[in-house]
Every structure is written in C-alpha cells, then in structure tokens.
file upload_35.cif (mmCIF, C-alpha atoms)
data_run
loop_
_atom_site.label_atom_id
_atom_site.label_comp_id
_atom_site.auth_asym_id
_atom_site.auth_seq_id
_atom_site.Cartn_x
_atom_site.Cartn_y
_atom_site.Cartn_z
CA MET A 1 -13.36 -56.01 31.71
CA ASP A 2 -16.99 -55.58 30.63
CA SER A 3 -18.44 -52.66 28.64
CA GLN A 4 -19.51 -50.73 31.73
CA GLU A 5 -16.03 -50.97 33.26
CA LYS A 6 -14.50 -49.80 29.98
CA PHE A 7 -16.96 -46.90 29.85
CA ASP A 8 -16.10 -45.99 33.44
CA TYR A 9 -12.41 -45.90 32.48
CA TRP A 10 -13.08 -43.51 29.58
CA LEU A 11 -15.37 -41.39 31.76
CA ASP A 12 -12.70 -41.13 34.44
CA ILE A 13 -10.04 -39.84 32.05
CA ALA A 14 -12.60 -37.54 30.39
CA GLN A 15 -13.42 -36.00 33.76
CA TYR A 16 -9.70 -35.62 34.47
CA ASP A 17 -9.31 -33.72 31.17
CA LEU A 18 -12.22 -31.46 32.09
CA GLU A 19 -10.57 -30.70 35.44
CA THR A 20 -7.34 -29.96 33.56
CA ALA A 21 -9.25 -27.47 31.39
CA THR A 22 -10.28 -25.65 34.58
CA ASN A 23 -6.66 -25.57 35.74
CA MET A 24 -5.53 -24.25 32.36
CA PHE A 25 -8.11 -21.46 32.64
CA GLU A 26 -6.75 -20.48 36.04
CA SER A 27 -3.24 -20.31 34.61
CA GLY A 28 -4.33 -18.28 31.56
CA ARG A 29 -3.60 -20.90 28.91
CA TRP A 30 -6.73 -20.28 26.83
CA LEU A 31 -5.91 -22.56 23.90
CA TYR A 32 -5.31 -25.47 26.24
CA VAL A 33 -8.65 -24.86 27.95
CA LEU A 34 -10.34 -25.50 24.60
CA PHE A 35 -8.03 -28.37 23.70
CA MET A 36 -8.70 -30.16 26.99
CA CYS A 37 -12.46 -29.64 26.59
CA GLN A 38 -12.19 -31.22 23.13
CA GLN A 39 -10.23 -34.10 24.63
CA ALA A 40 -12.75 -34.56 27.45
CA ILE A 41 -15.69 -34.85 25.08
CA ASP A 42 -13.70 -37.01 22.67
CA LYS A 43 -13.02 -39.52 25.46
CA LEU A 44 -16.57 -39.40 26.79
CA VAL A 45 -17.91 -40.15 23.32
CA LYS A 46 -15.47 -43.03 22.87
CA GLY A 47 -16.68 -44.49 26.16
CA LEU A 48 -20.25 -44.22 24.93
CA TYR A 49 -19.22 -45.88 21.69
CA ILE A 50 -18.21 -48.94 23.71
CA ILE A 51 -21.61 -49.01 25.43
CA TYR A 52 -23.69 -48.55 22.27
CA LYS A 53 -21.55 -50.23 19.61
CA ASP A 54 -18.49 -52.30 20.47
CA ASP A 55 -14.83 -52.17 21.53
CA ASN A 56 -13.57 -51.17 18.08
CA ILE A 57 -13.44 -47.45 18.78
CA PRO A 58 -12.83 -45.43 15.61
CA PHE A 59 -9.35 -43.95 15.34
CA SER A 60 -10.74 -40.46 14.89
CA HIS A 61 -11.15 -37.23 16.81
CA ASN A 62 -14.25 -36.26 14.84
CA ILE A 63 -16.71 -36.26 17.72
CA GLY A 64 -19.78 -35.73 15.53
CA SER A 65 -18.90 -38.62 13.26
CA ILE A 66 -18.47 -41.00 16.18
CA ILE A 67 -21.77 -39.89 17.72
CA ASP A 68 -23.52 -40.41 14.38
CA SER A 69 -22.88 -44.12 14.71
CA PHE A 70 -25.02 -44.42 17.87
CA ASN A 71 -27.03 -41.18 18.12
CA SER A 72 -30.29 -42.93 17.24
CA GLN A 73 -29.83 -45.27 20.20
CA LEU A 74 -29.60 -42.50 22.78
CA ALA A 75 -32.60 -41.69 25.00
CA SER A 76 -32.20 -38.06 23.91
CA PRO A 77 -30.44 -37.75 20.56
CA VAL A 78 -27.70 -35.14 20.34
CA SER A 79 -29.01 -31.81 19.03
CA ARG A 80 -27.76 -29.99 15.95
CA ASP A 81 -26.54 -27.21 18.25
CA MET A 82 -24.32 -29.70 20.05
CA TYR A 83 -23.01 -30.99 16.73
CA SER A 84 -22.06 -27.38 15.91
CA PHE A 85 -20.29 -27.12 19.25
CA PHE A 86 -18.37 -30.35 18.55
CA SER A 87 -17.36 -29.04 15.15
CA LYS A 88 -16.03 -25.85 16.72
CA LEU A 89 -14.12 -27.84 19.34
CA SER A 90 -12.55 -29.97 16.63
CA SER A 91 -10.69 -26.92 15.36
CA TYR A 92 -8.85 -26.84 18.70
CA TYR A 93 -7.51 -30.37 18.44
CA ILE A 94 -3.80 -29.49 18.33
CA SER A 95 -1.91 -32.76 18.35
CA GLY A 96 0.56 -32.93 15.51
CA ARG A 97 -0.03 -29.36 14.39
CA TYR A 98 2.85 -27.11 13.44
CA THR A 99 4.22 -24.73 16.08
CA ASN A 100 3.41 -21.65 14.00
CA TYR A 101 -0.17 -22.83 13.56
CA LYS A 102 -0.49 -23.48 17.30
CA GLN A 103 0.83 -20.00 18.07
CA LYS A 104 -1.57 -18.40 15.59
CA LEU A 105 -4.50 -20.41 16.95
CA SER A 106 -3.49 -19.58 20.52
CA SER A 107 -3.47 -15.85 19.80
CA SER A 108 -7.03 -16.06 18.44
CA VAL A 109 -8.50 -17.54 21.64
CA THR A 110 -9.87 -15.04 24.12
CA LYS A 111 -10.34 -15.31 27.85
CA GLU A 112 -14.10 -14.90 27.30
CA GLU A 113 -14.26 -17.83 24.90
CA ALA A 114 -12.08 -19.94 27.17
CA GLY A 115 -14.49 -19.13 30.00
CA ILE A 116 -17.59 -20.24 28.05
CA ILE A 117 -16.38 -23.54 26.55
CA PRO A 118 -15.91 -25.48 29.83
CA GLY A 119 -19.54 -24.74 30.78
CA LYS A 120 -20.75 -26.06 27.44
CA THR A 121 -18.53 -29.09 27.91
CA LYS A 122 -20.14 -29.75 31.29
CA GLU A 123 -23.55 -29.60 29.55
CA VAL A 124 -22.39 -32.40 27.27
CA PHE A 125 -21.36 -34.48 30.27
CA ALA A 126 -24.81 -33.95 31.79
#
call {"tool": "encode", "arguments": {"input": "upload_35.cif", "output": "structure tokens"}}
result
Amino acid sequence: MDSQEKFDYWLDIAQYDLETATNMFESGRWLYVLFMCQQAIDKLVKGLYIIYKDDNIPFSHNIGSIIDSFNSQLASPVSRDMYSFFSKLSSYYISGRYTNYKQKLSSSVTKEEAGIIPGKTKEVFA
C-alpha cells in the first residue's frame, strides 16, 4: 500500500466519523457530536502525516502538535484560528475518561455549540 492509498484509508474513516457526528446531532447526543468531529479531524491529520512525513504516525490525539510537524509543507499553512479550534476540540476527546467527568462534560455542551462544530470541521476538510 503506497502513501496515497494509506491517506485514502484515513480519509475514508475520517469522513465516516464526520457523518456519525451528523447522526449524533440528529439524535441529540451533543457531546458525541463534538467527540466525533475531534475524531474526524484527528484521522484526517494522521492521513496527512503519512503524505507529508512517513508511516510512523505519532501516538497522540493532539491535532495541533501533529500538524506542527508538517504545517510548513502545506500549500496553505494552518491558521492560528484553526489551531485554536483544534485545541477546543481536544477537550472533547473522551476515550478513557471517567464516567463522572463525561457526564459533567456532556451537560456543558449545548445544542447550539453542537450545531456549529460540524460546520467548522467541514471547513478543515476543505
């Protein structure tokens, strides 16, 4: 499998996660909308890492840190505003978190916020 095929794999699962975010919005699961958007961008960035760096994808969910390693190689470097967005999304990475924390985080997410984040995620894909 060459780099482009590997990227296509990561892009495919990233798009699936973005579609899942839409489904979570329709079912009213606001926290999972944000989590799936974080996952979608995380996977997209890991696919790009393969294109711009190598197959040794960092074992990290820090999107900004991964982008830092190839940002200068992009035709249009990622803006500071996008880095801020990635940082915000990182707070919704919920794997391995305690149930009480997840419940508290879930109660802080509004329908309005859950409605905005997928659009910003689609901007990243573009």
call {"tool": "residues_around", "arguments": {"input": "upload_35.cif", "residues": "A:Ser79", "least_positions_apart": "6", "cutoff": "12 Å", "atoms": "all atoms listed in the file", "output": "PyMOL selection string"}}
result
chain A and resi 64+67-68+71-72+85-86+124
call {"tool": "closest_residue", "arguments": {"input": "upload_35.cif", "among": "A:Lys111, A:Phe7, A:Pro118, A:Gln103", "to": "A:Asp55", "atoms": "all atoms listed in the file"}}
result
A:Phe7
call {"tool": "closest_residue", "arguments": {"input": "upload_35.cif", "among": "A:Leu31, A:Leu48, A:Met36, A:Ile41", "to": "A:Asp8", "atoms": "only C-alpha atoms"}}
result
A:Leu48
call {"tool": "atom_distance", "arguments": {"input": "upload_35.cif", "atom1": "atom CA of A:Thr22", "atom2": "atom CA of A:Asn62"}}
result
22.8 Å
call {"tool": "atom_distance", "arguments": {"input": "upload_35.cif", "atom1": "atom CA of A:Ile13", "atom2": "atom CA of A:Gln38"}}
result
12.6 Å
call {"tool": "closest_residue", "arguments": {"input": "upload_35.cif", "among": "A:Val109, A:Leu34, A:Ile50, A:Ile94", "to": "A:Met1", "atoms": "all atoms listed in the file"}}
result
A:Ile50
call {"tool": "residues_near_point", "arguments": {"input": "upload_35.cif", "point": "(-17.4, -44.9, 17.6)", "cutoff": "7 Å", "atoms": "only C-alpha atoms", "output": "MDAnalysis selection string"}}
result
chainID A and resid 46 49 57:58 66:67 69
call {"tool": "closest_residue", "arguments": {"input": "upload_35.cif", "among": "A:Met82, A:Glu112, A:Cys37, A:Asp2", "to": "A:Ala14", "atoms": "all atoms listed in the file"}}
result
A:Cys37
call {"tool": "atom_distance", "arguments": {"input": "upload_35.cif", "atom1": "atom CA of A:Tyr83", "atom2": "atom CA of A:Leu44"}}
result
14.6 Å
call {"tool": "axis_aligned_box", "arguments": {"input": "upload_35.cif", "around": "stretch 63-70 of chain A", "padding_each_side": "4 Å", "output": "JSON"}}
result
{"center_x": -20.9, "center_y": -40.1, "center_z": 15.6, "size_x": 16.3, "size_y": 16.7, "size_z": 12.6}
call {"tool": "build_atoms", "arguments": {"input": "upload_35.cif", "residues": "stretch 28-46 of chain A", "atoms": "N, CA and C atoms", "output": "mmCIF file, in the coordinates of the input"}}
result
data_model
loop_
_atom_site.group_PDB
_atom_site.id
_atom_site.type_symbol
_atom_site.label_atom_id
_atom_site.label_comp_id
_atom_site.auth_asym_id
_atom_site.auth_seq_id
_atom_site.Cartn_x
_atom_site.Cartn_y
_atom_site.Cartn_z
ATOM 1 N N GLY A 28 -4.303 -19.170 32.722
ATOM 2 C CA GLY A 28 -4.330 -18.280 31.560
ATOM 3 C C GLY A 28 -3.911 -18.908 30.249
ATOM 4 N N ARG A 29 -3.972 -20.213 30.159
ATOM 5 C CA ARG A 29 -3.600 -20.900 28.910
ATOM 6 C C ARG A 29 -4.873 -21.225 28.129
ATOM 7 N N TRP A 30 -5.406 -20.211 27.463
ATOM 8 C CA TRP A 30 -6.730 -20.280 26.830
ATOM 9 C C TRP A 30 -6.833 -21.384 25.794
ATOM 10 N N LEU A 31 -5.848 -21.522 24.929
ATOM 11 C CA LEU A 31 -5.910 -22.560 23.900
ATOM 12 C C LEU A 31 -6.022 -23.943 24.542
ATOM 13 N N TYR A 32 -5.285 -24.161 25.602
ATOM 14 C CA TYR A 32 -5.310 -25.470 26.240
ATOM 15 C C TYR A 32 -6.609 -25.735 26.992
ATOM 16 N N VAL A 33 -7.309 -24.681 27.386
ATOM 17 C CA VAL A 33 -8.650 -24.860 27.950
ATOM 18 C C VAL A 33 -9.525 -25.528 26.882
ATOM 19 N N LEU A 34 -9.497 -24.969 25.682
ATOM 20 C CA LEU A 34 -10.340 -25.500 24.600
ATOM 21 C C LEU A 34 -9.867 -26.881 24.157
ATOM 22 N N PHE A 35 -8.564 -27.064 24.076
ATOM 23 C CA PHE A 35 -8.030 -28.370 23.700
ATOM 24 C C PHE A 35 -8.452 -29.446 24.691
ATOM 25 N N MET A 36 -8.344 -29.148 25.983
ATOM 26 C CA MET A 36 -8.700 -30.160 26.990
ATOM 27 C C MET A 36 -10.202 -30.409 27.016
ATOM 28 N N CYS A 37 -11.006 -29.411 26.715
ATOM 29 C CA CYS A 37 -12.460 -29.640 26.590
ATOM 30 C C CYS A 37 -12.733 -30.562 25.399
ATOM 31 N N GLN A 38 -12.026 -30.341 24.296
ATOM 32 C CA GLN A 38 -12.190 -31.220 23.130
ATOM 33 C C GLN A 38 -11.793 -32.641 23.513
ATOM 34 N N GLN A 39 -10.689 -32.774 24.220
ATOM 35 C CA GLN A 39 -10.230 -34.100 24.630
ATOM 36 C C GLN A 39 -11.222 -34.773 25.578
ATOM 37 N N ALA A 40 -11.783 -34.009 26.493
ATOM 38 C CA ALA A 40 -12.750 -34.560 27.450
ATOM 39 C C ALA A 40 -13.967 -35.130 26.730
ATOM 40 N N ILE A 41 -14.505 -34.370 25.800
ATOM 41 C CA ILE A 41 -15.690 -34.850 25.080
ATOM 42 C C ILE A 41 -15.321 -36.011 24.169
ATOM 43 N N ASP A 42 -14.170 -35.929 23.531
ATOM 44 C CA ASP A 42 -13.700 -37.010 22.670
ATOM 45 C C ASP A 42 -13.663 -38.333 23.456
ATOM 46 N N LYS A 43 -13.130 -38.300 24.652
ATOM 47 C CA LYS A 43 -13.020 -39.520 25.460
ATOM 48 C C LYS A 43 -14.372 -39.979 25.985
ATOM 49 N N LEU A 44 -15.218 -39.043 26.363
ATOM 50 C CA LEU A 44 -16.570 -39.400 26.790
ATOM 51 C C LEU A 44 -17.317 -40.112 25.668
ATOM 52 N N VAL A 45 -17.229 -39.570 24.476
ATOM 53 C CA VAL A 45 -17.910 -40.150 23.320
ATOM 54 C C VAL A 45 -17.344 -41.529 22.987
ATOM 55 N N LYS A 46 -16.065 -41.710 23.135
ATOM 56 C CA LYS A 46 -15.470 -43.030 22.870
ATOM 57 C C LYS A 46 -15.925 -44.041 23.912
#
